[in-house]
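Novice: File name upload.txt; file contents compact mmCIF, C-alpha atoms; full text below.
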# COMPACT_ATOMS: atom_id res chain seq x y z
CA LEU A 1 140.49 -17.32 49.48
CA ALA A 2 142.49 -19.31 46.92
CA VAL A 3 141.24 -19.03 43.34
CA LEU A 4 142.40 -20.98 40.30
CA LEU A 5 141.87 -18.74 37.27
CA LEU A 6 142.08 -20.29 33.83
CA ALA A 7 142.21 -17.70 31.04
CA SER A 8 141.50 -19.24 27.65
CA CYS A 9 142.59 -17.69 24.35
CA ARG A 10 141.78 -18.55 20.75
CA LYS A 11 145.36 -18.32 19.47
CA GLU A 12 148.24 -20.47 20.64
CA GLU A 13 150.64 -17.53 20.86
CA ASP A 14 148.24 -15.75 23.21
CA CYS A 15 147.92 -18.89 25.34
CA GLN A 16 151.71 -19.04 25.61
CA ARG A 17 151.84 -15.38 26.62
CA MET A 18 149.26 -15.96 29.35
CA LYS A 19 151.18 -18.99 30.59
CA SER A 20 154.37 -16.92 30.75
CA GLU A 21 152.48 -14.56 33.06
CA GLY A 22 151.55 -17.42 35.40
CA PHE A 23 148.05 -18.35 34.17
CA GLU A 24 146.66 -21.67 33.04
CA SER A 25 145.51 -20.96 29.48
CA PRO A 26 143.62 -23.56 27.43
CA LEU A 27 143.05 -22.83 23.76
CA ILE A 28 139.35 -22.27 23.01
CA ASP A 29 138.08 -20.86 19.74
CA TYR A 30 134.30 -20.38 19.75
CA THR A 31 134.17 -21.06 16.00
CA LYS A 32 135.84 -24.48 16.39
CA PRO A 33 133.79 -26.97 18.45
CA GLU A 34 136.72 -29.35 18.81
CA THR A 35 138.67 -26.69 20.73
CA ILE A 36 135.69 -26.08 23.01
CA GLU A 37 135.54 -29.77 23.92
CA ARG A 38 139.31 -30.09 24.30
CA GLY A 39 139.69 -26.80 26.20
CA LEU A 40 136.98 -27.65 28.71
CA LYS A 41 138.55 -31.06 29.29
CA GLU A 42 141.86 -29.35 29.97
CA VAL A 43 140.14 -27.08 32.50
CA LEU A 44 138.44 -29.98 34.28
CA ASP A 45 141.66 -31.96 34.35
CA ALA A 46 143.32 -29.01 36.08
CA THR A 47 140.53 -28.59 38.63
CA GLY A 48 139.84 -32.22 39.43
CA GLY A 49 136.57 -32.24 37.47
CA THR A 50 134.80 -29.33 39.16
CA LEU A 51 134.15 -25.73 38.15
CA ASP A 52 132.74 -22.77 40.07
CA ALA A 53 132.18 -20.28 37.25
CA LEU A 54 132.41 -19.59 33.54
CA PHE A 55 132.90 -16.09 32.11
CA ASN A 56 132.29 -15.87 28.34
CA ASN A 57 133.88 -12.82 26.75
CA GLY A 58 135.02 -13.56 23.18
CA ALA A 59 133.33 -11.72 20.33
CA HIS A 60 133.91 -9.49 17.33
CA GLY A 61 131.90 -6.70 15.76
CA VAL A 62 131.14 -5.67 12.18
CA GLY A 63 129.32 -2.43 11.44
CA GLY A 64 127.06 -1.74 8.50
CA ALA A 65 123.53 -0.90 7.47
CA ALA A 66 121.12 -3.81 7.87
CA GLU A 67 120.18 -3.86 4.20
CA ASP A 68 123.86 -4.09 3.22
CA VAL A 69 124.80 -6.99 5.48
CA PRO A 70 125.41 -10.28 3.60
CA VAL A 71 124.00 -13.47 5.05
CA GLY A 72 127.51 -14.90 5.17
CA LEU A 73 128.55 -12.15 7.58
CA LEU A 74 125.66 -13.04 9.89
CA ARG A 75 126.61 -16.72 9.84
CA GLU A 76 130.21 -15.86 10.68
CA ILE A 77 129.47 -13.44 13.52
CA PHE A 78 126.84 -15.71 15.09
CA GLU A 79 129.31 -18.60 15.04
CA CYS A 80 131.76 -16.57 17.13
CA ASN A 81 129.45 -14.40 19.25
CA PHE A 82 126.65 -16.84 20.01
CA PHE A 83 126.83 -20.45 18.80
CA GLY A 84 130.21 -21.08 20.42
CA TRP A 85 129.03 -19.48 23.67
CA HIS A 86 125.94 -21.70 23.64
CA ASP A 87 128.06 -24.81 23.10
CA LEU A 88 130.48 -24.06 25.94
CA THR A 89 127.77 -22.81 28.31
CA CYS A 90 125.66 -25.95 27.93
CA ARG A 91 128.68 -28.18 28.48
CA VAL A 92 129.50 -26.28 31.67
CA ILE A 93 125.93 -26.49 32.97
CA LYS A 94 126.22 -30.28 32.77
CA VAL A 95 129.34 -30.00 34.93
CA PHE A 96 127.40 -27.86 37.40
CA ARG A 97 124.59 -30.43 37.59
CA ASN A 98 127.02 -33.31 38.07
CA GLN A 99 128.81 -31.55 40.94
CA GLY A 100 125.65 -30.94 42.97
CA ASN A 101 123.89 -28.15 41.06
CA HIS A 102 126.07 -25.17 41.84
CA GLY A 103 128.06 -22.73 39.73
CA ARG A 104 127.73 -19.43 37.89
CA ILE A 105 127.59 -18.47 34.22
CA ILE A 106 128.54 -14.82 33.60
CA GLN A 107 128.02 -13.65 30.02
CA CYS A 108 129.68 -10.47 28.78
CA SER A 109 126.77 -9.02 26.83
CA SER A 110 126.28 -5.42 25.69
CA ILE A 111 123.91 -2.50 25.87
CA LEU A 112 123.43 -3.34 22.19
CA GLY A 113 121.62 -6.44 23.39
CA ASN A 114 118.97 -4.16 24.87
CA VAL A 115 118.91 -1.12 22.59
CA VAL A 116 119.63 -1.19 18.86
CA PHE A 117 121.70 1.53 17.24
CA PRO A 118 121.72 1.96 13.46
CA MET A 119 124.70 0.49 11.59
CA ARG A 120 125.17 -2.08 14.36
CA MET A 121 122.55 -4.64 13.36
CA ALA A 122 124.75 -7.74 13.06
CA TYR A 123 126.45 -7.32 16.43
CA SER A 124 123.17 -6.35 18.12
CA CYS A 125 121.47 -9.49 16.80
CA THR A 126 124.08 -11.68 18.48
CA LYS A 127 123.71 -9.83 21.77
CA PHE A 128 119.88 -9.89 21.69
CA ALA A 129 120.17 -13.64 21.12
CA LEU A 130 122.52 -13.87 24.09
CA GLU A 131 120.10 -11.97 26.33
CA ALA A 132 117.31 -14.38 25.33
CA HIS A 133 119.67 -17.28 26.02
CA CYS A 134 120.42 -15.96 29.52
CA ASP A 135 116.75 -15.44 30.30
CA ALA A 136 115.78 -18.90 29.05
CA LEU A 137 118.50 -20.62 31.09
CA ARG A 138 117.64 -18.64 34.21
CA LEU A 139 113.98 -19.63 33.92
CA GLU A 140 114.73 -23.28 33.19
CA LEU A 141 117.09 -23.48 36.16
CA LYS A 142 114.68 -21.98 38.70
CA ASP A 143 114.51 -25.30 40.48
CA GLN A 144 118.30 -25.23 40.89
CA PRO A 145 118.99 -22.04 42.87
CA GLY A 146 122.66 -22.94 43.19
CA ILE A 147 123.19 -22.30 39.46
CA LYS A 148 123.18 -18.60 38.61
CA ILE A 149 122.97 -17.02 35.13
CA VAL A 150 124.08 -13.38 34.83
CA SER A 151 124.63 -11.04 31.89
CA LEU A 152 126.79 -7.91 31.97
CA ASN A 153 125.31 -5.23 29.70
CA VAL A 154 128.53 -3.44 28.88
CA GLY A 155 128.79 -0.02 27.26
CA PRO A 156 131.89 1.72 25.86
CA ILE A 157 135.03 0.04 27.24
CA ARG A 158 138.53 0.53 25.89
CA THR A 159 139.35 -2.78 24.24
CA MET A 160 140.68 -3.80 20.82
CA ILE A 161 137.23 -4.70 19.46
CA ARG A 162 137.18 -1.74 17.06
CA GLU A 163 140.62 -2.47 15.66
CA LYS A 164 139.89 -6.18 15.40
CA SER A 165 136.67 -5.51 13.49
CA VAL A 166 138.63 -4.04 10.57
CA PRO A 167 139.45 -7.36 8.83
CA HIS A 168 135.79 -8.41 9.05
CA PHE A 169 134.61 -5.06 7.65
CA ASP A 170 137.19 -5.27 4.86
CA LYS A 171 136.04 -8.80 3.99
CA TRP A 172 132.29 -8.30 4.03
CA MET A 173 131.26 -4.64 3.97
CA LYS A 174 133.90 -2.50 2.30
CA PRO A 175 133.29 -3.98 -1.19
CA LEU A 176 129.60 -2.99 -0.85
CA VAL A 177 130.05 0.62 0.29
CA GLU A 178 130.19 2.19 -3.17
CA GLN A 179 126.72 0.85 -4.09
CA SER A 180 125.08 1.50 -0.71
CA VAL A 181 122.46 4.21 -0.22
CA PHE A 182 124.42 4.95 2.96
CA ARG A 183 127.65 5.50 1.05
CA SER A 184 128.17 9.07 2.25
CA PHE A 185 127.69 8.02 5.89
CA TYR A 186 130.21 5.22 5.51
CA GLU A 187 132.72 7.53 3.86
CA LYS A 188 132.26 10.64 5.99
CA LYS A 189 131.61 9.17 9.44
CA PHE A 190 131.81 5.40 9.78
CA MET A 191 135.03 4.57 7.98
CA PRO A 192 137.08 7.51 9.30
CA ARG A 193 136.17 6.37 12.83
CA LEU A 194 137.00 2.76 12.00
CA TYR A 195 140.29 3.33 10.20
CA GLY A 196 141.43 6.59 11.76
CA PRO A 197 143.38 7.25 14.95
CA TYR A 198 141.58 5.92 18.02
CA LYS A 199 139.30 8.46 19.69
CA LYS A 200 137.78 7.77 23.06
CA ASP A 201 133.99 7.49 23.12
CA PRO A 202 131.98 9.61 25.57
CA PHE A 203 131.89 7.97 29.02
CA GLU A 204 134.28 5.25 27.88
CA LEU A 205 135.86 3.32 30.74
CA GLU A 206 138.81 1.00 31.14
CA PRO A 207 138.36 -2.81 31.40
CA GLU A 208 138.63 -2.58 35.19
CA ALA A 209 135.02 -1.35 35.22
CA VAL A 210 133.92 -4.71 33.85
CA THR A 211 136.24 -6.60 36.20
CA LYS A 212 134.70 -4.85 39.21
CA THR A 213 131.17 -5.84 38.20
CA LEU A 214 132.28 -9.34 37.28
CA LYS A 215 133.81 -9.84 40.72
CA HIS A 216 130.55 -8.73 42.35
CA ALA A 217 128.49 -11.06 40.15
CA LEU A 218 130.78 -13.95 41.04
CA THR A 219 130.84 -13.43 44.80
CA CYS A 220 127.55 -11.88 45.94
CA GLU A 221 124.98 -14.25 47.41
CA ARG A 222 122.11 -13.23 45.11
CA PRO A 223 123.38 -11.71 41.86
CA LYS A 224 120.99 -9.77 39.64
CA PRO A 225 119.99 -11.28 36.29
CA ARG A 226 121.85 -8.44 34.51
CA TYR A 227 124.13 -5.55 35.37
CA ALA A 228 124.67 -2.34 33.41
CA VAL A 229 128.31 -1.31 33.08
CA THR A 230 129.11 2.34 32.14
CA VAL A 231 126.85 5.41 32.19
CA PRO A 232 125.47 4.87 28.64
CA SER A 233 124.32 1.37 29.57
CA HIS A 234 122.48 2.61 32.66
CA LEU A 235 121.02 5.52 30.70
CA PHE A 236 119.73 3.62 27.67
CA MET A 237 118.33 0.73 29.69
CA PHE A 238 116.36 3.36 31.63
CA LEU A 239 115.31 5.30 28.51
CA LYS A 240 114.04 2.14 26.85
CA ARG A 241 111.73 1.54 29.79
CA VAL A 242 110.28 5.06 29.99
CA LEU A 243 110.34 6.64 26.52
CA PRO A 244 107.96 6.08 23.61
CA GLY A 245 109.66 4.03 20.93
CA TRP A 246 109.67 6.82 18.35
CA VAL A 247 111.50 9.16 20.74
CA LEU A 248 114.18 6.57 21.48
CA ASP A 249 114.54 5.98 17.73
CA TRP A 250 115.49 9.61 17.11
CA ILE A 251 117.87 9.64 20.07
CA CYS A 252 119.67 6.59 18.68
CA LEU A 253 119.85 8.13 15.19
CA TRP A 254 121.26 11.33 16.65
CA GLY A 255 123.72 9.42 18.84
CA ILE A 256 125.23 7.57 15.89
CA GLY A 257 125.33 10.65 13.67
CA LEU A 258 122.66 9.68 11.14
CA TRP A 259 120.36 12.56 12.08
CA ARG A 260 120.81 16.07 13.42
CA PRO A 261 118.15 18.06 15.30
CA GLY A 262 116.72 20.75 13.08
CA LYS A 263 117.27 18.72 9.94
CA GLY A 264 113.66 17.57 9.68
CA PHE A 265 112.99 13.89 9.12
CA GLY A 266 115.67 13.34 6.51
CA LEU A 267 118.52 11.00 7.36
CA HIS A 268 122.15 11.30 6.40
CA PRO A 269 122.96 10.86 3.62
Could you rewrite the structure in this file as structure tokens?
Specialist:
Amino acid sequence: LAVLLLASCRKEEDCQRMKSEGFESPLIDYTKPETIERGLKEVLDATGGTLDALFNNGAHGVGGAAEDVPVGLLREIFECNFFGWHDLTCRVIKVFRNQGNHGRIIQCSSILGNVVFPMRMAYSCTKFALEAHCDALRLELKDQPGIKIVSLNVGPIRTMIREKSVPHFDKWMKPLVEQSVFRSFYEKKFMPRLYGPYKKDPFELEPEAVTKTLKHALTCERPKPRYAVTVPSHLFMFLKRVLPGWVLDWICLWGIGLWRPGKGFGLHP
């Protein structure tokens, strides 16, 4: 089976690197609509105007307590993590319709689009929006069974997302830490993890775990609406279905380090 894989990047130097490795690599930056239009045209020119699948996977994260997050941060992260995805996805669906109503959209979502952890509000909001987007498209395309919409609810995977979140945290959140009621948590737990030497998260997997699920979602006859990737994703999607909300709340607080069993109902700090 011959496959033409086009791997887009948002920086020209990365596109050149991908091309040196033998890939077609259009430049697409989700925050710049003109690159979305131009990049998709480049793809369609290379394929003769048809497309079998789109895999969206570009995003960044910024941690911080919900009450500390500036509105400007939310506008910036939604532009990258959601609005750009919506723009490209809708353009591709038009291609699918014009080629006889067939093709697949695979969205790299997150367990944080199903379960919210404290200090992750901004990123979670973009992923909850993405999950709603996937569900809405899937429902609206029910009369076109050849077009499939799938989300991958990914847990801890070793990527550069933590390191690449540093400039965004420095820009938006770091200046606010000193005045935050969560200052001690930022200083004792959050920032050492962000700025310190990389430490593997429990059950963290390599990117190949996502690739394996992606390949299945692209090739199986009837893909599921969503797939959990990593043990934590499977676990928390299950816990959300079966546990009372207040129990899941305390588990999430404990998991992030804001609460310790035996401490009563007080939060750190």
Novice: For atom CA of A:Ser180 and atom CA of A:Val115, quote the distance in Å rounded to one decimal.
Specialist: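 Computing the Euclidean distance for atom CA of A:Ser180 and atom CA of A:Val115 yields 24.2 Å.
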Novice: What lies within 10 Å of A:Gly155 using all atoms listed in the file, ignoring chain neighbours under 3 positions off, as a PDB file with C-alpha atoms, keeping the file's coordinate frame?
Specialist:
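Once everything was written out, this is out.pdb:
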ATOM      1  CA  SER A 109     126.770  -9.020  26.830  1.00  0.00           C
ATOM      2  CA  SER A 110     126.280  -5.420  25.690  1.00  0.00           C
ATOM      3  CA  ILE A 111     123.910  -2.500  25.870  1.00  0.00           C
ATOM      4  CA  LEU A 112     123.430  -3.340  22.190  1.00  0.00           C
ATOM      5  CA  LEU A 152     126.790  -7.910  31.970  1.00  0.00           C
ATOM      6  CA  ARG A 158     138.530   0.530  25.890  1.00  0.00           C
ATOM      7  CA  PHE A 203     131.890   7.970  29.020  1.00  0.00           C
ATOM      8  CA  GLU A 204     134.280   5.250  27.880  1.00  0.00           C
ATOM      9  CA  LEU A 205     135.860   3.320  30.740  1.00  0.00           C
ATOM     10  CA  VAL A 210     133.920  -4.710  33.850  1.00  0.00           C
ATOM     11  CA  ALA A 228     124.670  -2.340  33.410  1.00  0.00           C
ATOM     12  CA  VAL A 229     128.310  -1.310  33.080  1.00  0.00           C
ATOM     13  CA  THR A 230     129.110   2.340  32.140  1.00  0.00           C
ATOM     14  CA  VAL A 231     126.850   5.410  32.190  1.00  0.00           C
ATOM     15  CA  PRO A 232     125.470   4.870  28.640  1.00  0.00           C
ATOM     16  CA  SER A 233     124.320   1.370  29.570  1.00  0.00           C
ATOM     17  CA  HIS A 234     122.480   2.610  32.660  1.00  0.00           C
ATOM     18  CA  PHE A 236     119.730   3.620  27.670  1.00  0.00           C
TER      19      PHE A 236
END
Novice: Could you tell me which of A:Glu140, A:Glu206, A:Glu67, A:Asp249 comes closest to A:Val181 if we count all atoms listed in the file?
Specialist: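 Closest to A:Val181, using all atoms listed in the file: A:Glu67.
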Novice: If you count all atoms listed in the file, which residues fall within 10 Å of A:Cys15, apart from same-chain ones fewer than 6 positions away, as JSON, numbers by chain?
Specialist: {"A": [7, 8, 9, 21, 23, 24, 25, 26, 27, 28]}
Novice: Hey, which of A:Lys94, A:Lys200, A:Ala132, A:Leu214 ends up closest to A:Asn56? Count all atoms listed in the file.
Specialist: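 For A:Asn56, the nearest of the given residues is A:Leu214.
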Novice: Using only C-alpha atoms, which residues sit within 9 Å of A:Trp250 once same-chain residues fewer than 5 positions away are excluded, as a count of residues only?
Specialist: 3
Novice: Give me the residues near stretch 43-50 of chain A as a PyMOL selection string, where near means some atom within 10 Å (using only C-alpha atoms) and where sequence neighbours in that chain fewer than 3 positions away do not count.
Specialist: chain A and resi 4-8+24-26+38-40+53+92+95-96+98-99+103
Novice: Which residue out of A:Lys127, A:Lys32, A:Lys164, A:Lys41 has the minimum interatomic distance to A:Asn114 when all atoms listed in the file are used?
Specialist: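 Counting all atoms listed in the file, the residue closest to A:Asn114 is A:Lys127.
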Novice: Excluding A:Lys224 and its own-chain neighbours fewer than 4 positions away, which residues fall within 9 Å of it when counting all atoms listed in the file? Please give them as a list in words.
Specialist: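 Close residues of A:Lys224: Ile149, Val150, Ser151 and Ala217 of chain A.
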Novice: Any idea what the distance is between atom CA of A:Ile256 and atom CA of A:Met119?
Specialist: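 Answer for the atom CA of A:Ile256 to atom CA of A:Met119 separation: 8.3 Å.
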Novice: Could you check which of A:Asp14, A:Lys148, A:Leu54, A:Ile36 is closest to A:Pro223, using all atoms listed in the file?
Specialist: A:Lys148
Novice: Complete stretch 121-134 of chain A with N, CA, C and O atoms (output as a tab-separated table (two decimals), in the coordinates of the input).
Specialist:
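Listing of result_9.tsv after writing:
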chain	number	residue	atom	x	y	z
A	121	MET	N	123.53	-3.57	13.35
A	121	MET	CA	122.55	-4.64	13.36
A	121	MET	C	123.15	-6.01	13.64
A	121	MET	O	122.66	-6.75	14.50
A	122	ALA	N	124.22	-6.38	12.94
A	122	ALA	CA	124.75	-7.74	13.06
A	122	ALA	C	125.20	-8.04	14.48
A	122	ALA	O	124.85	-9.08	15.06
A	123	TYR	N	125.97	-7.13	15.06
A	123	TYR	CA	126.45	-7.32	16.43
A	123	TYR	C	125.28	-7.33	17.41
A	123	TYR	O	125.23	-8.17	18.32
A	124	SER	N	124.33	-6.41	17.23
A	124	SER	CA	123.17	-6.35	18.12
A	124	SER	C	122.38	-7.65	18.09
A	124	SER	O	121.90	-8.13	19.12
A	125	CYS	N	122.22	-8.23	16.90
A	125	CYS	CA	121.47	-9.49	16.80
A	125	CYS	C	122.10	-10.57	17.67
A	125	CYS	O	121.39	-11.33	18.33
A	126	THR	N	123.43	-10.64	17.66
A	126	THR	CA	124.08	-11.68	18.48
A	126	THR	C	123.88	-11.41	19.96
A	126	THR	O	123.73	-12.35	20.76
A	127	LYS	N	123.86	-10.15	20.36
A	127	LYS	CA	123.71	-9.83	21.77
A	127	LYS	C	122.25	-9.95	22.22
A	127	LYS	O	121.97	-10.32	23.36
A	128	PHE	N	121.29	-9.62	21.36
A	128	PHE	CA	119.88	-9.89	21.69
A	128	PHE	C	119.66	-11.39	21.86
A	128	PHE	O	118.94	-11.83	22.75
A	129	ALA	N	120.27	-12.19	20.98
A	129	ALA	CA	120.17	-13.64	21.12
A	129	ALA	C	120.77	-14.10	22.45
A	129	ALA	O	120.21	-14.98	23.13
A	130	LEU	N	121.89	-13.51	22.83
A	130	LEU	CA	122.52	-13.87	24.09
A	130	LEU	C	121.65	-13.51	25.29
A	130	LEU	O	121.55	-14.29	26.25
A	131	GLU	N	121.00	-12.35	25.23
A	131	GLU	CA	120.10	-11.97	26.33
A	131	GLU	C	118.93	-12.96	26.44
A	131	GLU	O	118.55	-13.35	27.55
A	132	ALA	N	118.38	-13.38	25.31
A	132	ALA	CA	117.31	-14.38	25.33
A	132	ALA	C	117.83	-15.70	25.89
A	132	ALA	O	117.13	-16.39	26.66
A	133	HIS	N	119.04	-16.05	25.53
A	133	HIS	CA	119.67	-17.28	26.02
A	133	HIS	C	119.80	-17.25	27.54
A	133	HIS	O	119.47	-18.22	28.23
A	134	CYS	N	120.28	-16.12	28.07
A	134	CYS	CA	120.42	-15.96	29.52
A	134	CYS	C	119.08	-16.08	30.22
A	134	CYS	O	118.95	-16.76	31.25
